[in-house]
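Okay, coords_19.pdb now, which holds PDB, C-alpha atoms:
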```pdb
ATOM      1  CA  MET G 477      51.989 156.519 118.385
ATOM      2  CA  PHE G 478      50.488 154.044 115.913
ATOM      3  CA  ALA G 479      51.248 150.339 115.893
ATOM      4  CA  SER G 480      53.991 149.535 113.391
ATOM      5  CA  PRO G 481      51.730 147.990 110.664
ATOM      6  CA  ILE G 482      49.379 151.003 110.804
ATOM      7  CA  ALA G 483      52.309 153.437 110.680
ATOM      8  CA  LYS G 484      53.729 151.598 107.649
ATOM      9  CA  LEU G 485      50.355 151.732 105.866
ATOM     10  CA  ILE G 486      50.000 155.463 106.577
ATOM     11  CA  GLN G 487      53.551 156.055 105.341
ATOM     12  CA  GLN G 488      52.827 154.247 102.058
ATOM     13  CA  LEU G 489      49.456 155.948 101.511
ATOM     14  CA  ALA G 490      51.046 159.357 102.128
ATOM     15  CA  LYS G 491      53.255 158.765  99.079
ATOM     16  CA  LEU G 492      50.201 158.997  96.809
ATOM     17  CA  PRO G 493      49.792 162.326  94.974
ATOM     18  CA  GLY G 494      47.588 164.778  96.820
ATOM     19  CA  VAL G 495      47.503 162.650  99.978
ATOM     20  CA  GLY G 496      48.956 164.216 103.109
ATOM     21  CA  GLU G 497      49.635 162.488 106.412
ATOM     22  CA  LYS G 498      46.168 163.248 107.866
ATOM     23  CA  THR G 499      44.366 161.952 104.770
ATOM     24  CA  ALA G 500      46.642 158.902 104.738
ATOM     25  CA  ALA G 501      45.712 158.194 108.375
ATOM     26  CA  ARG G 502      41.981 158.500 107.533
ATOM     27  CA  LEU G 503      42.403 156.100 104.614
ATOM     28  CA  ALA G 504      44.382 153.647 106.728
ATOM     29  CA  PHE G 505      41.683 153.555 109.413
ATOM     30  CA  HIS G 506      38.996 153.210 106.746
ATOM     31  CA  ILE G 507      40.824 150.147 105.421
ATOM     32  CA  LEU G 508      41.069 148.764 108.970
ATOM     33  CA  ARG G 509      37.310 149.205 109.483
ATOM     34  CA  ALA G 510      36.421 147.716 106.082
ATOM     35  CA  ALA G 511      35.284 144.151 105.684
ATOM     36  CA  PRO G 512      38.280 141.787 105.374
ATOM     37  CA  GLU G 513      37.236 140.823 101.847
ATOM     38  CA  ASP G 514      37.178 144.500 100.773
ATOM     39  CA  ALA G 515      40.698 145.084 102.119
ATOM     40  CA  ALA G 516      41.876 141.885 100.422
ATOM     41  CA  ALA G 517      40.233 142.981  97.140
ATOM     42  CA  LEU G 518      42.039 146.334  97.309
ATOM     43  CA  ALA G 519      45.387 144.633  97.914
ATOM     44  CA  ALA G 520      44.703 142.157  95.079
ATOM     45  CA  ALA G 521      43.747 144.961  92.663
ATOM     46  CA  ILE G 522      47.001 146.800  93.426
ATOM     47  CA  GLY G 523      48.996 143.609  92.891
ATOM     48  CA  GLU G 524      47.156 142.779  89.667
ATOM     49  CA  VAL G 525      47.658 146.219  88.157
ATOM     50  CA  ARG G 526      51.397 146.014  88.877
ATOM     51  CA  GLN G 527      51.657 142.521  87.340
ATOM     52  CA  LYS G 528      49.431 142.866  84.262
ATOM     53  CA  ILE G 529      49.638 146.475  83.085
ATOM     54  CA  ARG G 530      52.474 147.428  80.733
ATOM     55  CA  PHE G 531      53.283 150.014  78.083
ATOM     56  CA  CYS G 532      51.886 149.517  74.594
ATOM     57  CA  SER G 533      54.900 148.939  72.341
ATOM     58  CA  ILE G 534      53.461 151.357  69.755
ATOM     59  CA  CYS G 535      51.779 154.274  71.550
ATOM     60  CA  CYS G 536      53.153 153.834  75.106
ATOM     61  CA  ASP G 537      49.662 153.876  76.656
ATOM     62  CA  LEU G 538      49.025 151.610  79.635
ATOM     63  CA  THR G 539      47.521 148.327  78.508
ATOM     64  CA  GLU G 540      46.999 144.710  79.452
ATOM     65  CA  ALA G 541      47.361 143.429  75.862
ATOM     66  CA  ASP G 542      50.186 144.592  73.612
ATOM     67  CA  PRO G 543      49.545 146.333  71.299
ATOM     68  CA  CYS G 544      46.626 148.152  72.910
ATOM     69  CA  ALA G 545      43.072 148.087  71.533
ATOM     70  CA  ILE G 546      43.396 151.488  69.821
ATOM     71  CA  CYS G 547      46.630 150.552  68.035
ATOM     72  CA  ARG G 548      45.060 147.253  66.912
ATOM     73  CA  ASP G 549      41.935 148.982  65.535
ATOM     74  CA  GLN G 550      42.334 148.995  61.743
ATOM     75  CA  ARG G 551      39.447 151.465  61.378
ATOM     76  CA  ARG G 552      41.530 154.242  62.942
ATOM     77  CA  ASP G 553      43.667 156.611  60.841
ATOM     78  CA  GLY G 554      47.304 155.684  61.443
ATOM     79  CA  SER G 555      48.597 158.756  59.592
ATOM     80  CA  VAL G 556      47.435 161.110  62.381
ATOM     81  CA  VAL G 557      48.886 160.781  65.880
ATOM     82  CA  CYS G 558      47.604 162.754  68.855
ATOM     83  CA  VAL G 559      50.297 163.319  71.497
ATOM     84  CA  VAL G 560      49.103 163.515  75.113
ATOM     85  CA  ALA G 561      50.979 163.848  78.382
ATOM     86  CA  GLN G 562      49.203 161.137  80.392
ATOM     87  CA  PRO G 563      46.864 158.164  79.829
ATOM     88  CA  GLN G 564      44.076 160.151  81.533
ATOM     89  CA  ASP G 565      44.284 162.732  78.720
ATOM     90  CA  LEU G 566      43.833 159.986  76.112
ATOM     91  CA  VAL G 567      40.729 158.770  77.952
ATOM     92  CA  ALA G 568      39.334 162.325  78.051
ATOM     93  CA  ILE G 569      39.762 162.775  74.261
ATOM     94  CA  GLU G 570      38.282 159.343  73.554
ATOM     95  CA  ARG G 571      35.281 160.206  75.737
ATOM     96  CA  ALA G 572      34.695 163.305  73.572
ATOM     97  CA  GLY G 573      34.156 160.894  70.666
ATOM     98  CA  GLY G 574      35.269 162.934  67.638
ATOM     99  CA  TYR G 575      38.860 161.803  67.091
ATOM    100  CA  ARG G 576      39.552 158.702  64.967
ATOM    101  CA  GLY G 577      43.348 158.738  64.677
ATOM    102  CA  ARG G 578      45.967 157.103  66.876
ATOM    103  CA  TYR G 579      47.733 158.327  70.022
ATOM    104  CA  HIS G 580      51.120 158.648  71.652
ATOM    105  CA  VAL G 581      51.478 159.010  75.428
ATOM    106  CA  LEU G 582      54.539 160.887  76.701
ATOM    107  CA  HIS G 583      54.028 160.070  80.410
ATOM    108  CA  GLY G 584      54.887 163.587  81.464
ATOM    109  CA  LEU G 585      55.851 167.031  80.207
ATOM    110  CA  LEU G 586      59.170 168.827  79.929
ATOM    111  CA  SER G 587      59.877 170.575  83.212
ATOM    112  CA  PRO G 588      63.521 171.573  83.729
ATOM    113  CA  LEU G 589      62.761 172.972  87.197
ATOM    114  CA  ASP G 590      61.538 169.511  88.252
ATOM    115  CA  GLY G 591      64.404 167.751  86.501
ATOM    116  CA  VAL G 592      62.185 166.317  83.722
ATOM    117  CA  GLY G 593      63.963 166.358  80.370
ATOM    118  CA  PRO G 594      63.351 164.709  76.973
ATOM    119  CA  ASP G 595      65.020 161.465  78.105
ATOM    120  CA  ASP G 596      62.405 161.124  80.862
ATOM    121  CA  LEU G 597      59.539 161.140  78.325
ATOM    122  CA  ARG G 598      58.540 158.768  75.507
ATOM    123  CA  VAL G 599      60.004 161.063  72.836
ATOM    124  CA  THR G 600      62.312 158.501  71.197
ATOM    125  CA  GLU G 601      59.381 156.153  70.604
ATOM    126  CA  LEU G 602      57.379 158.978  68.972
ATOM    127  CA  LEU G 603      60.228 159.905  66.626
ATOM    128  CA  ARG G 604      60.663 156.237  65.697
ATOM    129  CA  ARG G 605      56.968 156.041  64.764
ATOM    130  CA  CYS G 606      57.152 159.214  62.702
ATOM    131  CA  GLY G 607      60.137 157.962  60.738
ATOM    132  CA  GLY G 608      58.149 155.064  59.265
ATOM    133  CA  THR G 609      56.920 154.690  55.695
ATOM    134  CA  GLY G 610      54.127 152.873  53.873
ATOM    135  CA  SER G 611      50.410 152.799  54.631
ATOM    136  CA  GLU G 612      50.978 153.576  58.320
ATOM    137  CA  ALA G 613      53.288 156.554  57.684
ATOM    138  CA  VAL G 614      52.556 159.425  60.068
ATOM    139  CA  THR G 615      51.810 162.698  58.261
ATOM    140  CA  GLU G 616      50.446 164.810  61.143
ATOM    141  CA  VAL G 617      51.101 164.929  64.881
ATOM    142  CA  ILE G 618      48.543 166.823  66.976
ATOM    143  CA  MET G 619      50.043 168.295  70.146
ATOM    144  CA  ALA G 620      47.283 167.804  72.720
ATOM    145  CA  THR G 621      49.317 168.771  75.742
ATOM    146  CA  SER G 622      47.727 171.048  78.323
ATOM    147  CA  PRO G 623      48.049 174.802  77.666
ATOM    148  CA  SER G 624      50.396 175.272  80.618
ATOM    149  CA  VAL G 625      53.992 176.513  80.468
ATOM    150  CA  GLU G 626      55.223 172.886  80.499
ATOM    151  CA  GLY G 627      52.638 171.775  77.931
ATOM    152  CA  GLU G 628      53.509 174.584  75.525
ATOM    153  CA  ALA G 629      57.256 174.012  75.944
ATOM    154  CA  THR G 630      56.811 170.298  75.229
ATOM    155  CA  ALA G 631      54.691 170.985  72.131
ATOM    156  CA  VAL G 632      57.211 173.474  70.717
ATOM    157  CA  TYR G 633      60.118 171.105  71.426
ATOM    158  CA  LEU G 634      58.404 168.184  69.673
ATOM    159  CA  ALA G 635      57.392 170.324  66.695
ATOM    160  CA  LYS G 636      61.058 171.233  66.108
ATOM    161  CA  LEU G 637      61.986 167.543  66.088
ATOM    162  CA  LEU G 638      59.111 166.473  63.835
ATOM    163  CA  ARG G 639      59.391 169.009  61.013
ATOM    164  CA  PRO G 640      62.693 167.586  59.631
ATOM    165  CA  LEU G 641      60.971 164.181  59.431
ATOM    166  CA  GLY G 642      58.373 165.583  57.012
ATOM    167  CA  VAL G 643      55.618 165.391  59.626
ATOM    168  CA  ARG G 644      53.223 168.328  60.045
ATOM    169  CA  PRO G 645      52.956 169.317  63.713
ATOM    170  CA  SER G 646      49.666 170.918  64.774
ATOM    171  CA  ARG G 647      48.335 172.177  68.090
ATOM    172  CA  ILE G 648      44.875 171.730  69.561
ATOM    173  CA  ALA G 649      42.798 174.884  69.236
ATOM    174  CA  THR G 650      42.080 177.319  72.008
ATOM    175  CA  GLY G 651      39.122 176.606  74.207
ATOM    176  CA  VAL G 652      40.963 174.613  76.819
ATOM    177  CA  PRO G 653      41.673 177.188  79.558
ATOM    178  CA  MET G 654      45.261 178.321  80.104
ATOM    179  CA  GLY G 655      46.806 176.443  83.001
ATOM    180  CA  GLY G 656      44.026 173.836  82.865
ATOM    181  CA  GLU G 657      44.432 170.079  82.608
ATOM    182  CA  LEU G 658      42.901 168.078  79.752
ATOM    183  CA  GLU G 659      41.694 165.434  82.187
ATOM    184  CA  TYR G 660      39.184 167.925  83.655
ATOM    185  CA  ALA G 661      38.003 169.604  80.434
ATOM    186  CA  ASP G 662      34.435 168.944  79.270
ATOM    187  CA  GLN G 663      33.726 166.820  76.194
ATOM    188  CA  VAL G 664      32.504 169.668  73.961
ATOM    189  CA  THR G 665      35.579 171.797  74.679
ATOM    190  CA  LEU G 666      37.893 168.872  73.907
ATOM    191  CA  ALA G 667      36.044 167.966  70.698
ATOM    192  CA  ARG G 668      36.200 171.575  69.446
ATOM    193  CA  ALA G 669      39.867 171.840  70.424
ATOM    194  CA  ILE G 670      40.712 168.766  68.324
ATOM    195  CA  ASP G 671      38.570 169.884  65.348
ATOM    196  CA  GLY G 672      39.968 173.424  65.395
ATOM    197  CA  ARG G 673      43.650 172.521  65.720
ATOM    198  CA  ARG G 674      46.188 174.752  63.969
ATOM    199  CA  GLU G 675      49.561 174.230  62.398
ATOM    200  CA  MET G 676      52.481 175.246  64.621
TER     201      MET G 676
END
```
As a first step, turn the structure in this file into structure tokens.
Amino acid sequence: MFASPIAKLIQQLAKLPGVGEKTAARLAFHILRAAPEDAAALAAAIGEVRQKIRFCSICCDLTEADPCAICRDQRRDGSVVCVVAQPQDLVAIERAGGYRGRYHVLHGLLSPLDGVGPDDLRVTELLRRCGGTGSEAVTEVIMATSPSVEGEATAVYLAKLLRPLGVRPSRIATGVPMGGELEYADQVTLARAIDGRREM
């Protein structure tokens, strides 16, 4: 039986994805053994990220400044928007270095079995962007969702919504393994997938 503060810490750590009760207990005892300043720095970093990080009002990425740095960058092509499921996917594509358009982060994928529908994603914001006109009018949306059942379903759903707006939906090319996650794909595979995208 752990003391109440330790039990509470383990309970909170166990809520993290991929962390079971045993791993949570190991992490809790690591924090207890750490130097007080390290534990305080961890607590401060968690507090700071909750206070300062927000959604970009344009692309819905996580950012400290609104709009985010990519949306503010006038050198990027605003007519092409790459849709990703999570901020980690955006980082992976940026690391590959070949894409110079803008992004839109959905913060999830359609998954009816898990109760995730269109209203749980940033779909409305994407459609609002694609309905614009002028120099920043979106002409193409690249579906860069993972090639999983949920990723494909999300891409097909968005393509159906985008076509009536006069926007050309395209899909990243094959090369990313089926069932894989973009976050873990290598840079060359991601760069080729973006370059070899196809119309849906």
Worksheet item: What's the 10 Å shell around Ala500 in chain G, counting only C-alpha atoms, without same-chain residues fewer than 4 positions away, as a PyMOL selection string?
Response: chain G and resi 483+485-492+494-496+504-506
Output C-alpha atoms for every residue in that selection, as a PDB file, in the frame of the given file.
```pdb
ATOM      1  CA  ALA G 483      52.309 153.437 110.680  1.00  0.00           C
ATOM      2  CA  LEU G 485      50.355 151.732 105.866  1.00  0.00           C
ATOM      3  CA  ILE G 486      50.000 155.463 106.577  1.00  0.00           C
ATOM      4  CA  GLN G 487      53.551 156.055 105.341  1.00  0.00           C
ATOM      5  CA  GLN G 488      52.827 154.247 102.058  1.00  0.00           C
ATOM      6  CA  LEU G 489      49.456 155.948 101.511  1.00  0.00           C
ATOM      7  CA  ALA G 490      51.046 159.357 102.128  1.00  0.00           C
ATOM      8  CA  LYS G 491      53.255 158.765  99.079  1.00  0.00           C
ATOM      9  CA  LEU G 492      50.201 158.997  96.809  1.00  0.00           C
ATOM     10  CA  GLY G 494      47.588 164.778  96.820  1.00  0.00           C
ATOM     11  CA  VAL G 495      47.503 162.650  99.978  1.00  0.00           C
ATOM     12  CA  GLY G 496      48.956 164.216 103.109  1.00  0.00           C
ATOM     13  CA  ALA G 504      44.382 153.647 106.728  1.00  0.00           C
ATOM     14  CA  PHE G 505      41.683 153.555 109.413  1.00  0.00           C
ATOM     15  CA  HIS G 506      38.996 153.210 106.746  1.00  0.00           C
TER      16      HIS G 506
END
```
Practice prompt. Work out how far CA of Gly577 in chain G is from CA of Cys558 in chain G, in Å to one decimal.
Written response: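 A separation of 7.2 Å between them.
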Practice prompt. Run the PyMOL selection byres ((chain G and resi 665-673) around 10) mentally over the shown coordinates, then write out the matched residues as a PyMOL selection string, using the chain letters and numbers from the document.
Written response: chain G and resi 558+568-575+618-620+646-653+658-664+674-676
Just say which residues the PyMOL selection byres ((chain G and resi 597) around 9) picks in this file, as a tab-separated table (two decimals) with C-alpha atoms, in the frame of the given file.
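Final file, part.tsv:
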```tsv
chain	number	residue	atom	x	y	z
G	561	ALA	CA	50.98	163.85	78.38
G	581	VAL	CA	51.48	159.01	75.43
G	582	LEU	CA	54.54	160.89	76.70
G	583	HIS	CA	54.03	160.07	80.41
G	584	GLY	CA	54.89	163.59	81.46
G	585	LEU	CA	55.85	167.03	80.21
G	586	LEU	CA	59.17	168.83	79.93
G	592	VAL	CA	62.18	166.32	83.72
G	593	GLY	CA	63.96	166.36	80.37
G	594	PRO	CA	63.35	164.71	76.97
G	595	ASP	CA	65.02	161.46	78.10
G	596	ASP	CA	62.40	161.12	80.86
G	598	ARG	CA	58.54	158.77	75.51
G	599	VAL	CA	60.00	161.06	72.84
G	600	THR	CA	62.31	158.50	71.20
```
Practice prompt. Check what the PyMOL selection byres ((chain G and resi 533) around 9) selects in the file above and give those residues as a VMD selection string.
Written response: chain G and resid 530 to 532 534 to 537 542 to 544 601
Around all the atoms of range 576-581 of chain G listed in the file, with 6 Å of room on each side, what axis-aligned box do you get, giving centre and edge lengths in Å to one decimal, as JSON?
```
{"center_x": 45.5, "center_y": 158.1, "center_z": 70.1, "size_x": 23.9, "size_y": 13.9, "size_z": 22.8}
```
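CA of Gly655 in chain G sits 7.6 Å away from CA of Val625 in chain G.
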Worksheet item: Please, what distance in Å, to one decimal, runs between CA of Ser587 in chain G and CA of Glu616 in chain G?
Response: 24.7 Å
Distance query Lys528 in chain G at most 9 Å, only C-alpha atoms, self and fewer than 5 positions along chain excluded, as a PDB file with C-alpha atoms, in the frame of the given file:
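File produced: around_22.pdb:
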```
ATOM      1  CA  GLY G 523      48.996 143.609  92.891  1.00  0.00           C
ATOM      2  CA  THR G 539      47.521 148.327  78.508  1.00  0.00           C
ATOM      3  CA  GLU G 540      46.999 144.710  79.452  1.00  0.00           C
ATOM      4  CA  ALA G 541      47.361 143.429  75.862  1.00  0.00           C
TER       5      ALA G 541
END
```
Fill in: Closest of G:Pro645, G:Glu657, G:Ala517, G:Arg509 to Glu626 in chain G - atom-to-atom distances counting all atoms listed in the file
G:Glu657
Discussion item. Taking (52.1, 164.7, 57.4) in the coordinates of the supplied file, I want to know which residues reach to within 9 Å of it, counting only C-alpha atoms; could you give the answer as a VMD selection string?
Written reply: chain G and resid 555 to 556 613 to 617 642 to 645
Item to complete: Counting only C-alpha atoms, write as a PyMOL selection string all protein and nucleic acid residues lying at most 7 Å from (50.7, 159.8, 70.5) in the file's frame.
Response: chain G and resi 535+557-560+578-581+602
Practice prompt. Between G:Gln550, G:Leu566, G:Pro512, G:Ala520, single out the one closest to Leu538 in chain G, counting only C-alpha atoms.
Written response: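 The closest residue to Leu538 in chain G is G:Leu566.
The residue that comes closest to Gly656 in chain G, out of G:Thr630, G:Asp565, G:Thr499, G:Cys606 and on the basis of only C-alpha atoms, is G:Asp565.
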